[in-house]
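Heads up: the structure comes next, in structure tokens.
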Amino acid sequence: MNRIGGAMSTDGGEELDFWSFVDLAGRRLSDEFGFPHRLATRLLLTLNRASAIVTYDLESTVHRPRGHSWAAFRLLFVTWLAGPLEPGRAATLAGMSRAAVSNLTKTLVADGMMDRAPGERDGRSVILSLTERGRDAMLEIFAGQNERERQWAGVLTETEQQMLIMLLDKLIAGRGSFDVRERS
């Protein structure tokens with residue numbers, strides 16, 4: 001029995017926390033099932049967990065109290081900073097599906113945060129933009145977001161932050177060397 005991350009764990013499955021589960025998963029996948037890439041599994045489990053924790057924290061402390069979801073913030077954020085956009089372009093920049101953008105747009109238009117106007121390209125195209133209310137709200141919303149970002153990033157030195165960005169950029173850039181599916 002060992003103590004990892006505050007929870008007691010054994011191979012018998014006593015109370016596991018995330019980190020002791022990752023250790024258990026690595027051992028079992030390697031020793032019992034013969035999967036050779038233990039470190040790769042640990043890396044991606046950790047990356048996924050970190051992303052989920054930060055996203056949930058931002059949504060629950062910044063966005064939900066202001067009546068929005070994380071997805072709504074992402075759409076408002078790209079429209080705020082990139083300017084008027086076609087929904088497909090907004091979806092690409094926000095890392096969302098076009099269907100998600102379409103559904104969120106309806107809610108954000110009804111809330112008075114976003115406008116949906118006919119596009120000039122053809123009769124079916126539309127352009128998304130923020131209303132004055134939406135722009136004012138984004139200033140307030142992002143002030144809260146940016147402060148929370150500072151708190152999260154503050155656990156790392158500036159050099160560590162730059163190194164992490166560099167490593168994540170390298171990981172993302174490496175996706176071209178194998179068949180990666182992503183929203184675009």
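We name chains A, B, ... following the order of the structure tokens; residues begin at 1 in each chain, and ligands are numbered from 1 as shown.
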*Run DSSP on the backbone and grab whatever in region 15-88 of chain A lands in helix (DSSP H, G or I); send it over as number ranges by chain.*
A: 18-32, 38-66, 70-82, 87-88
*asked:* With only C-alpha atoms as the counted atoms, please give the residues lying no more than 7 Å from region 97-111 of chain A, apart from itself and same-chain residues fewer than 5 positions off, as a ChimeraX atom specification.
replied: /A:72,87-88,91,183
Dump of all heavy atoms for the selected residues, as a JSON list (two decimals), in the first residue's frame:
```
[["chain", "number", "residue", "atom", "x", "y", "z"],
["A", 72, "ALA", "N", -20.05, 29.09, -24.73],
["A", 72, "ALA", "CA", -20.54, 30.42, -25.09],
["A", 72, "ALA", "C", -19.41, 31.44, -24.98],
["A", 72, "ALA", "O", -19.26, 32.31, -25.85],
["A", 72, "ALA", "CB", -21.71, 30.82, -24.20],
["A", 87, "PRO", "N", -20.10, 31.87, -39.44],
["A", 87, "PRO", "CA", -20.15, 30.82, -38.42],
["A", 87, "PRO", "C", -19.08, 29.73, -38.59],
["A", 87, "PRO", "O", -18.52, 29.27, -37.59],
["A", 87, "PRO", "CB", -21.55, 30.25, -38.57],
["A", 87, "PRO", "CG", -22.35, 31.37, -39.14],
["A", 87, "PRO", "CD", -21.41, 32.11, -40.05],
["A", 88, "GLY", "N", -18.78, 29.34, -39.80],
["A", 88, "GLY", "CA", -17.76, 28.31, -40.02],
["A", 88, "GLY", "C", -16.39, 28.74, -39.54],
["A", 88, "GLY", "O", -15.64, 27.97, -38.95],
["A", 91, "ALA", "N", -16.38, 28.77, -35.79],
["A", 91, "ALA", "CA", -16.27, 27.40, -35.29],
["A", 91, "ALA", "C", -14.82, 26.95, -35.31],
["A", 91, "ALA", "O", -14.32, 26.36, -34.34],
["A", 91, "ALA", "CB", -17.13, 26.46, -36.14],
["A", 183, "ARG", "N", -11.32, 19.27, -35.15],
["A", 183, "ARG", "CA", -12.32, 20.19, -35.69],
["A", 183, "ARG", "C", -11.61, 21.27, -36.45],
["A", 183, "ARG", "O", -10.64, 21.85, -35.97],
["A", 183, "ARG", "CB", -13.14, 20.80, -34.56],
["A", 183, "ARG", "CG", -14.11, 19.83, -33.97],
["A", 183, "ARG", "CD", -15.05, 20.54, -33.01],
["A", 183, "ARG", "NE", -16.04, 19.63, -32.54],
["A", 183, "ARG", "CZ", -16.01, 19.03, -31.35],
["A", 183, "ARG", "NH1", -15.04, 19.28, -30.52],
["A", 183, "ARG", "NH2", -16.95, 18.20, -30.99]]
```
_Given only C-alpha atoms as the basis, pick out the residue of A:Ile141, A:Leu45, A:Ala50, A:Leu164 nearest to Arg64 (chain A)._
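So, comparing all the options, the nearest one is A:Ile141.
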In region 15-181 of chain A, DSSP strand (DSSP E or B) residues written as a compact mmCIF listing (two decimals) with C-alpha atoms, in the first residue's frame:
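Listing of result18.txt after writing:
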```txt
# COMPACT_ATOMS: atom_id res chain seq x y z
CA LEU A 85 -17.17 36.27 -38.74
CA MET A 114 -24.66 38.74 -30.51
CA ASP A 115 -26.06 39.80 -33.87
CA ARG A 116 -26.63 37.45 -36.79
CA ALA A 117 -26.84 39.37 -40.08
CA PRO A 118 -27.11 38.24 -43.71
CA VAL A 126 -24.52 34.94 -42.32
CA ILE A 127 -22.13 37.07 -40.33
CA LEU A 128 -21.85 36.92 -36.55
CA SER A 129 -20.85 39.97 -34.54
CA LEU A 130 -21.17 41.19 -30.98
```
*Name the residues in contact with Leu58 (chain A) at a cut-off of 9 Å, using only C-alpha atoms, excluding same-chain residues fewer than 5 positions from it; report them as a PyMOL selection string.*
chain A and resi 53+63-64+70+145+148-149
*Quick one: of A:Met163, A:Leu156, A:Leu171, A:Leu29, who's nearest to Leu47 (chain A), counting only C-alpha atoms?*
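Once distances to Leu47 (chain A) are computed over only C-alpha atoms, the minimum belongs to A:Leu171.
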*Using only C-alpha atoms, which residue out of A:Arg66, A:Lys170, A:Arg74, A:Arg38 lies closest to Leu24 (chain A)?*
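The answer is A:Arg38, which sits nearest to Leu24 (chain A).
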*asked:* Report, in Å to a single decimal, how far apart CA of Arg150 (chain A) and CA of Thr61 (chain A) are.
replied: 13.7 Å
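One finds CA of Gly123 (chain A) at 27.6 Å from CA of Ala71 (chain A).
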*Could you work out how far CA of Leu43 (chain A) lies from CA of Asn146 (chain A), giving the answer in Å with one decimal?*
26.6 Å
